[in-house]
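Below: one structure, written as structure tokens.
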Amino acid sequence: MNLVALLIAVVVGGALFLLTRRIQAGQEVGLRPLRGIQALTSQVGRAVESGRRVHFSMGRAALNSSIAPTSLAALAALDHLAQDGCASDVPPVVTVGEGTLLPAAQDQLRGAYTQAGRAGDFSNTMVEFVASDTSPMSYAAGVSYTVQHSNAGSNLLMGHFGPEIGIILEAAGRQDMEQIVGSDDPVALAVGAAMSDELLIGEELFAAGAYMKGSPSQIASLQVQDLLRLIVVAAILVFAVINLL
């Protein structure tokens with residue numbers, strides 16, 4: 001069993017190394033199209049055209065908690081939105097519902113402004129800490145107020161949410177905003193399926209950063225994951241046929 005695990009690790013590591021080198025050499029790669037991420041990447045362009053900003057809420061998962069990967073995925077997406085938005089003078093409106101997310105989001109916006117050569121335009125108040133993660137309904141009410149008064153054209157919710165997400169989606173819907181939801185919570189996704197335009201489900205949430213503006217190693221890892229997925233599916237089919245025979 002250990003030998004099999006070692007062999008799989010060597011094969012995966014080798015494939016990841018080779019694909020990374022090919023991408024670094026400038027070779028184009030093809031990733032599976034994901035509707036939710038395609039909609040996500042178009043938000044800044046639409047904001048520039050309409051003059052209305054993007055509202056981005058990162059949920060309530062602390063960076064030192066067991067569900068931190070959802071917030072890390074949201075930060076990766078924010079990095080892309082902030083870079084494009086700050087360069088075009090339409091920075092995203094950011095709300096967070098947990099204390100550790102506040103400095104992290106502020107740092108993302110500060111870096112985006114610095115990269116755009118406009119460091120003096122950054123203000124810590126561009127990221128709003130709404131409520132503690134222990135008060136989900138207060139968080140939803142606060143975010144809804146921001147949505148209604150921010151003149152935003154789209155509403156992006158990525159991170160850890162619960163049933164309270166319905167309050168936010170309803171507030172944005174009244175403003176006729178395009179909405180995208182990505183969460184690790186099945187209840188939040190169920191509500192989002194009924195009230196939003198697009199969903200980021202499962203791996204789509206965690207792959208968003210790499211799809212939007214990933215490094216060669218991140219893009220290569222996505223390709224390796226797709227390859228492994230195909231191998232697993234093929235193996236399942238082969239064993240099923242063998243059992244039938």
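We name chains A, B, ... following the order of the structure tokens; residues begin at 1 in each chain, and ligands are numbered from 1 as shown.
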* Mind checking which residues fall within 8 Å of Leu102 (chain A), counting only C-alpha atoms, ignoring those fewer than 5 positions away in the same chain, and posting them as a list in words? =>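 The residues that qualify are Val96, Val127, Glu128 and Phe129 of chain A.
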Kindly export the residues of the current selection with C-alpha atoms, as a PDB file, in the first residue's frame.
ATOM      1  CA  VAL A  96     -16.255  41.029   6.169  1.00  0.00           C
ATOM      2  CA  VAL A 127     -13.053  47.402   3.897  1.00  0.00           C
ATOM      3  CA  GLU A 128     -15.943  47.311   6.368  1.00  0.00           C
ATOM      4  CA  PHE A 129     -16.082  45.002   9.366  1.00  0.00           C
TER       5      PHE A 129
END
* Could you tell me, as an MDAnalysis selection string, which residues of region 52-224 of chain A DSSP assigns to helix (DSSP H, G or I) when given the backbone? => chainID A and resid 68:87 101:115 119:121 124:126 136:149 165:174 186:195 203:213 216:224
* To do: Return the single residue from A:Asn243, A:Gln108, A:Gln225, A:Ser183 that is closest to Pro163 (chain A), with distances computed using only C-alpha atoms.
  => A:Ser183
* Pick out the residues sitting within 10 Å of Val94 (chain A), and hand them over as number ranges by chain; count only C-alpha atoms, and ignore anything fewer than 2 positions along from it in its own chain. => A: 54-58, 78, 82, 91-92, 96, 102, 105-106, 109, 125-129, 143, 146, 156
Based on the selection just made, write N, CA and C atoms of those residues as a CSV table (one decimal), in the first residue's frame.
chain,number,residue,atom,x,y,z
A,54,VAL,N,-18.3,46.9,-7.6
A,54,VAL,CA,-18.6,45.5,-7.2
A,54,VAL,C,-18.6,45.4,-5.7
A,55,HIS,N,-19.7,44.9,-5.2
A,55,HIS,CA,-19.7,44.6,-3.7
A,55,HIS,C,-19.2,43.2,-3.5
A,56,PHE,N,-18.2,43.0,-2.7
A,56,PHE,CA,-17.7,41.7,-2.4
A,56,PHE,C,-17.7,41.4,-0.9
A,57,SER,N,-18.4,40.4,-0.5
A,57,SER,CA,-18.5,40.0,0.9
A,57,SER,C,-17.8,38.7,1.1
A,58,MET,N,-17.0,38.6,2.1
A,58,MET,CA,-16.1,37.4,2.3
A,58,MET,C,-16.6,36.5,3.4
A,78,LEU,N,-10.5,38.1,-4.4
A,78,LEU,CA,-10.4,39.5,-4.2
A,78,LEU,C,-9.2,40.1,-4.7
A,82,ALA,N,-9.5,43.3,-7.0
A,82,ALA,CA,-8.9,44.5,-6.5
A,82,ALA,C,-7.9,45.1,-7.5
A,91,PRO,N,-12.7,50.5,-7.4
A,91,PRO,CA,-12.4,49.5,-6.4
A,91,PRO,C,-13.6,48.8,-5.8
A,92,PRO,N,-13.5,47.5,-5.5
A,92,PRO,CA,-14.6,46.8,-4.9
A,92,PRO,C,-15.0,47.4,-3.6
A,96,VAL,N,-16.7,42.3,5.5
A,96,VAL,CA,-16.3,41.0,6.2
A,96,VAL,C,-17.0,40.8,7.5
A,102,LEU,N,-10.4,41.3,8.2
A,102,LEU,CA,-10.3,42.7,8.0
A,102,LEU,C,-8.9,43.1,7.6
A,105,ALA,N,-8.1,41.6,4.0
A,105,ALA,CA,-8.7,42.3,2.9
A,105,ALA,C,-8.1,43.7,2.7
A,106,GLN,N,-7.8,44.4,3.8
A,106,GLN,CA,-7.2,45.7,3.6
A,106,GLN,C,-5.9,45.6,2.9
A,109,LEU,N,-6.3,45.2,-0.9
A,109,LEU,CA,-6.6,46.5,-1.5
A,109,LEU,C,-5.4,47.4,-1.5
A,125,THR,N,-10.8,52.3,5.5
A,125,THR,CA,-12.2,52.3,5.5
A,125,THR,C,-12.9,51.7,4.3
A,126,MET,N,-12.1,51.4,3.3
A,126,MET,CA,-12.6,50.7,2.1
A,126,MET,C,-13.1,49.3,2.4
A,127,VAL,N,-12.6,48.7,3.5
A,127,VAL,CA,-13.1,47.4,3.9
A,127,VAL,C,-13.8,47.6,5.2
A,128,GLU,N,-15.1,47.1,5.2
A,128,GLU,CA,-15.9,47.3,6.4
A,128,GLU,C,-16.1,46.0,7.2
A,129,PHE,N,-15.8,46.1,8.4
A,129,PHE,CA,-16.1,45.0,9.4
A,129,PHE,C,-17.5,45.2,9.9
A,143,VAL,N,-24.5,43.9,6.1
A,143,VAL,CA,-24.1,43.8,4.7
A,143,VAL,C,-25.3,44.3,3.8
A,146,THR,N,-25.2,48.0,3.5
A,146,THR,CA,-24.1,48.4,2.6
A,146,THR,C,-24.5,48.2,1.2
A,156,LEU,N,-21.2,40.0,-5.0
A,156,LEU,CA,-20.4,38.7,-5.0
A,156,LEU,C,-20.2,38.3,-3.6
* Atomic distance CA of Ser65 (chain A) - CA of Asp185 (chain A), expressed in Å with one decimal ->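 Computing it gives 15.0 Å between the two atoms.
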Give me, as a Markdown table, each residue of region 28-88 of chain A that comes within 8 Å of region 197-210 of chain A, together with its shortest interatomic pair and the distance in Å at one decimal, counting only C-alpha atoms, with rows ordered by chain and rising residue number.
| residue | atom | partner | partner_atom | distance |
| --- | --- | --- | --- | --- |
| A:Leu34 | CA | A:Glu204 | CA | 7.5 |
| A:Arg35 | CA | A:Glu198 | CA | 7.4 |
| A:Gly36 | CA | A:Glu198 | CA | 5.3 |
| A:Ile37 | CA | A:Ala208 | CA | 6.2 |
| A:Ala39 | CA | A:Glu198 | CA | 7.5 |
| A:Pro69 | CA | A:Phe206 | CA | 7.7 |
| A:Thr70 | CA | A:Phe206 | CA | 7.1 |
| A:Ala73 | CA | A:Phe206 | CA | 5.2 |
| A:Ala74 | CA | A:Leu205 | CA | 8.0 |
| A:Ala76 | CA | A:Gly209 | CA | 4.7 |
| A:Ala77 | CA | A:Gly209 | CA | 4.9 |
| A:His80 | CA | A:Gly209 | CA | 7.5 |
What does the file look like for those residues with N, CA and C atoms, as a PDB file, in the first residue's frame?
ATOM      1  N   LEU A  34     -15.967  26.958 -16.583  1.00  0.00           N
ATOM      2  CA  LEU A  34     -16.875  26.963 -15.442  1.00  0.00           C
ATOM      3  C   LEU A  34     -17.700  28.239 -15.495  1.00  0.00           C
ATOM      4  N   ARG A  35     -19.000  28.102 -15.612  1.00  0.00           N
ATOM      5  CA  ARG A  35     -19.867  29.266 -15.815  1.00  0.00           C
ATOM      6  C   ARG A  35     -19.755  30.292 -14.699  1.00  0.00           C
ATOM      7  N   GLY A  36     -19.721  29.802 -13.454  1.00  0.00           N
ATOM      8  CA  GLY A  36     -19.658  30.718 -12.329  1.00  0.00           C
ATOM      9  C   GLY A  36     -18.399  31.570 -12.357  1.00  0.00           C
ATOM     10  N   ILE A  37     -17.267  30.963 -12.686  1.00  0.00           N
ATOM     11  CA  ILE A  37     -16.009  31.704 -12.713  1.00  0.00           C
ATOM     12  C   ILE A  37     -15.956  32.627 -13.924  1.00  0.00           C
ATOM     13  N   ALA A  39     -18.489  34.164 -15.144  1.00  0.00           N
ATOM     14  CA  ALA A  39     -19.291  35.320 -14.727  1.00  0.00           C
ATOM     15  C   ALA A  39     -18.526  36.184 -13.745  1.00  0.00           C
ATOM     16  N   PRO A  69      -9.962  27.629   4.623  1.00  0.00           N
ATOM     17  CA  PRO A  69      -9.782  27.574   3.161  1.00  0.00           C
ATOM     18  C   PRO A  69     -10.832  28.344   2.372  1.00  0.00           C
ATOM     19  N   THR A  70     -12.053  28.439   2.891  1.00  0.00           N
ATOM     20  CA  THR A  70     -13.066  29.208   2.167  1.00  0.00           C
ATOM     21  C   THR A  70     -12.704  30.691   2.128  1.00  0.00           C
ATOM     22  N   ALA A  73      -9.807  31.212  -0.284  1.00  0.00           N
ATOM     23  CA  ALA A  73     -10.296  31.237  -1.666  1.00  0.00           C
ATOM     24  C   ALA A  73     -10.912  32.590  -1.994  1.00  0.00           C
ATOM     25  N   ALA A  74     -11.640  33.169  -1.027  1.00  0.00           N
ATOM     26  CA  ALA A  74     -12.227  34.490  -1.244  1.00  0.00           C
ATOM     27  C   ALA A  74     -11.144  35.555  -1.396  1.00  0.00           C
ATOM     28  N   ALA A  76      -8.162  35.115  -2.584  1.00  0.00           N
ATOM     29  CA  ALA A  76      -7.545  34.942  -3.907  1.00  0.00           C
ATOM     30  C   ALA A  76      -8.393  35.611  -4.981  1.00  0.00           C
ATOM     31  N   ALA A  77      -9.709  35.478  -4.888  1.00  0.00           N
ATOM     32  CA  ALA A  77     -10.587  36.137  -5.852  1.00  0.00           C
ATOM     33  C   ALA A  77     -10.553  37.652  -5.678  1.00  0.00           C
ATOM     34  N   HIS A  80      -7.655  39.442  -7.498  1.00  0.00           N
ATOM     35  CA  HIS A  80      -7.882  39.736  -8.917  1.00  0.00           C
ATOM     36  C   HIS A  80      -8.831  40.914  -9.088  1.00  0.00           C
TER      37      HIS A  80
END
* Asked: Can you list, as a PyMOL selection string, every residue of region 38-230 of chain A that DSSP puts in strand (DSSP E)?
  -> chain A and resi 53-59+93-96+127-129+152-160+178-183+198-200
Dump of C-alpha atoms for the selected residues, as a PDB file, in the first residue's frame:
ATOM      1  CA  ARG A  53     -18.639  49.200  -8.255  1.00  0.00           C
ATOM      2  CA  VAL A  54     -18.625  45.539  -7.243  1.00  0.00           C
ATOM      3  CA  HIS A  55     -19.724  44.594  -3.726  1.00  0.00           C
ATOM      4  CA  PHE A  56     -17.655  41.686  -2.422  1.00  0.00           C
ATOM      5  CA  SER A  57     -18.514  40.021   0.901  1.00  0.00           C
ATOM      6  CA  MET A  58     -16.114  37.446   2.329  1.00  0.00           C
ATOM      7  CA  GLY A  59     -18.311  35.732   4.898  1.00  0.00           C
ATOM      8  CA  VAL A  93     -16.767  47.542  -1.882  1.00  0.00           C
ATOM      9  CA  VAL A  94     -15.621  44.894   0.609  1.00  0.00           C
ATOM     10  CA  THR A  95     -17.448  43.671   3.708  1.00  0.00           C
ATOM     11  CA  VAL A  96     -16.255  41.029   6.169  1.00  0.00           C
ATOM     12  CA  VAL A 127     -13.053  47.402   3.897  1.00  0.00           C
ATOM     13  CA  GLU A 128     -15.943  47.311   6.368  1.00  0.00           C
ATOM     14  CA  PHE A 129     -16.082  45.002   9.366  1.00  0.00           C
ATOM     15  CA  ALA A 152     -22.795  48.741  -6.537  1.00  0.00           C
ATOM     16  CA  GLY A 153     -23.789  47.035  -9.756  1.00  0.00           C
ATOM     17  CA  SER A 154     -23.093  43.440  -8.728  1.00  0.00           C
ATOM     18  CA  ASN A 155     -23.059  41.407  -5.535  1.00  0.00           C
ATOM     19  CA  LEU A 156     -20.399  38.725  -5.013  1.00  0.00           C
ATOM     20  CA  LEU A 157     -20.583  36.512  -1.918  1.00  0.00           C
ATOM     21  CA  MET A 158     -17.624  34.163  -1.462  1.00  0.00           C
ATOM     22  CA  GLY A 159     -16.720  32.498   1.814  1.00  0.00           C
ATOM     23  CA  HIS A 160     -18.526  30.902   4.735  1.00  0.00           C
ATOM     24  CA  GLU A 178     -26.184  40.531 -10.744  1.00  0.00           C
ATOM     25  CA  GLN A 179     -25.279  38.037  -8.016  1.00  0.00           C
ATOM     26  CA  ILE A 180     -22.751  35.219  -7.630  1.00  0.00           C
ATOM     27  CA  VAL A 181     -22.548  32.945  -4.593  1.00  0.00           C
ATOM     28  CA  GLY A 182     -19.695  30.664  -3.568  1.00  0.00           C
ATOM     29  CA  SER A 183     -19.795  28.925  -0.200  1.00  0.00           C
ATOM     30  CA  GLU A 198     -24.529  31.865 -10.652  1.00  0.00           C
ATOM     31  CA  LEU A 199     -23.053  29.487  -8.066  1.00  0.00           C
ATOM     32  CA  LEU A 200     -19.515  28.402  -7.263  1.00  0.00           C
TER      33      LEU A 200
END
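Pairwise distance (CA of Arg32 (chain A), CA of Gly14 (chain A)) equals 21.6 Å.
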* Among listed residues A:Arg22, A:His149, A:Arg60, A:Arg52, nearest Phe161 (chain A) (using only C-alpha atoms) -> A:Arg60
* Structure fact -> Restricting to only C-alpha atoms, whichever of A:Glu98, A:Arg46, A:Met212, A:Arg110 is closest to Pro136 (chain A) is A:Glu98
* To do: Using CA of Met195 (chain A) and CA of Ser71 (chain A) as the two end points, give the distance in Å to one decimal.
  =>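 Distance reported for this atom pair: 22.0 Å.
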* Pick out the residues sitting within 8 Å of Gly192 (chain A), and hand them over as a list in words; count only C-alpha atoms, and ignore anything fewer than 4 positions along from it in its own chain. =>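 Contacts, with the query itself left out: Ile165, Gly166, Leu169, Val181, Ala188, Ser196 and Leu199 of chain A.
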Let me see the file: selected residues, N, CA and C atoms, as a PDB file, in the first residue's frame.
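Listing of result25.pdb after writing:
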ATOM      1  N   ILE A 165     -27.601  34.258   4.430  1.00  0.00           N
ATOM      2  CA  ILE A 165     -27.258  34.756   3.105  1.00  0.00           C
ATOM      3  C   ILE A 165     -28.499  35.195   2.335  1.00  0.00           C
ATOM      4  N   GLY A 166     -29.643  34.611   2.677  1.00  0.00           N
ATOM      5  CA  GLY A 166     -30.882  34.975   2.004  1.00  0.00           C
ATOM      6  C   GLY A 166     -31.242  36.441   2.196  1.00  0.00           C
ATOM      7  N   LEU A 169     -28.987  38.422  -0.198  1.00  0.00           N
ATOM      8  CA  LEU A 169     -29.395  38.237  -1.588  1.00  0.00           C
ATOM      9  C   LEU A 169     -30.690  38.976  -1.894  1.00  0.00           C
ATOM     10  N   VAL A 181     -22.725  33.500  -5.935  1.00  0.00           N
ATOM     11  CA  VAL A 181     -22.548  32.945  -4.593  1.00  0.00           C
ATOM     12  C   VAL A 181     -21.579  31.775  -4.654  1.00  0.00           C
ATOM     13  N   ALA A 188     -26.424  27.548   2.491  1.00  0.00           N
ATOM     14  CA  ALA A 188     -26.173  28.795   1.769  1.00  0.00           C
ATOM     15  C   ALA A 188     -26.251  28.576   0.262  1.00  0.00           C
ATOM     16  N   SER A 196     -29.769  33.636  -6.711  1.00  0.00           N
ATOM     17  CA  SER A 196     -28.638  34.265  -7.387  1.00  0.00           C
ATOM     18  C   SER A 196     -28.540  33.807  -8.834  1.00  0.00           C
ATOM     19  N   LEU A 199     -23.591  30.091  -9.275  1.00  0.00           N
ATOM     20  CA  LEU A 199     -23.053  29.487  -8.066  1.00  0.00           C
ATOM     21  C   LEU A 199     -21.632  28.984  -8.318  1.00  0.00           C
TER      22      LEU A 199
END
